[in-house]
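Structure first, commentary second.
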Amino acid sequence: MESTNSRKRRPTLLLLLMVISLTACTISYRFNGASIDYTTTKTIQIDNFPIRSAYVWAPMQGIFQNRITEIYTNQTKLRQVTKNGDLQLAGEIVAFDQFNKGISSDGYSSQVQLKMTVNVRFVNNKKHTDDFERQFSATSEYDASQQLNSVQEELVTQMVRDIAEQIFNATVANW
């Protein structure tokens with residue numbers, strides 16, 4: 001027959017074992033999306049992306065440049081350099097267009113779609129098989145009753161965010 005004293009100690013012993021096992025083993029996950037070998041790849045060079053499209057909205061270049069720089073700063077440990085980076089990003093904004101997307105019953109445009117396209121040249125000086133040149137695009141829509149200049153900044157910011165994530169995923173996330 002078990003003594004009362006040993007029955008009282010059992011929950012305390014069990015609790016002590018659980019605490020020890022939980023503190024002894026820790027699992028660490030990082031969800032920044034980057035899969036970079038930091039032992040060989042330490043720097044990134046991000047050149048300016050000038051606007052080369054027929055339609056130009058001047059703030060677009062600055063919004064894009066800030067976002068593309070920010071995503072690599074916030075989601076990697078890469079040090080940004082102005083030349084000779086282990087990774088190099090260059091390119092240009094090649095298209096910024098608007099299209100009628102929907103027609104109302106009176107025959108006028110009801111929805112307008114903006115499309116932004118960025119051409120990117122990526123060079124991985126540590127693994128040239130990853131090099132590429134390709135275009136990334138994003139679209140955004142707005143109601144045709146609104147003036148473009150009243151929604152342009154918000155829509156461009158959304159498209160830039162989308163394109164920057166596409167570029168990030170294609171260059172360092174291996175998705």
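Each chain of the structure tokens is named A, B, ... in the order shown, its residues numbered from 1; ligands are numbered from 1 in display order.
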
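Residues of stretch 67-143 of chain A that DSSP places in alpha helix (DSSP H), based on the backbone of this structure, are Arg67, Ile68, Thr69, Glu70, Ile71, Tyr72, Thr73, Asn74 and Gln75 of chain A.
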
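Of the residues under consideration (A:Met159, A:Ile36, A:Ala95, A:Ala144), A:Ile36 shows the shortest atom-to-atom contact distance to A:Tyr72 when counting only C-alpha atoms.
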
Of A:Asn48, A:Gln146, A:Asp37, A:Gln80, the one sitting nearest A:Ser110 when using only C-alpha atoms is A:Gln146
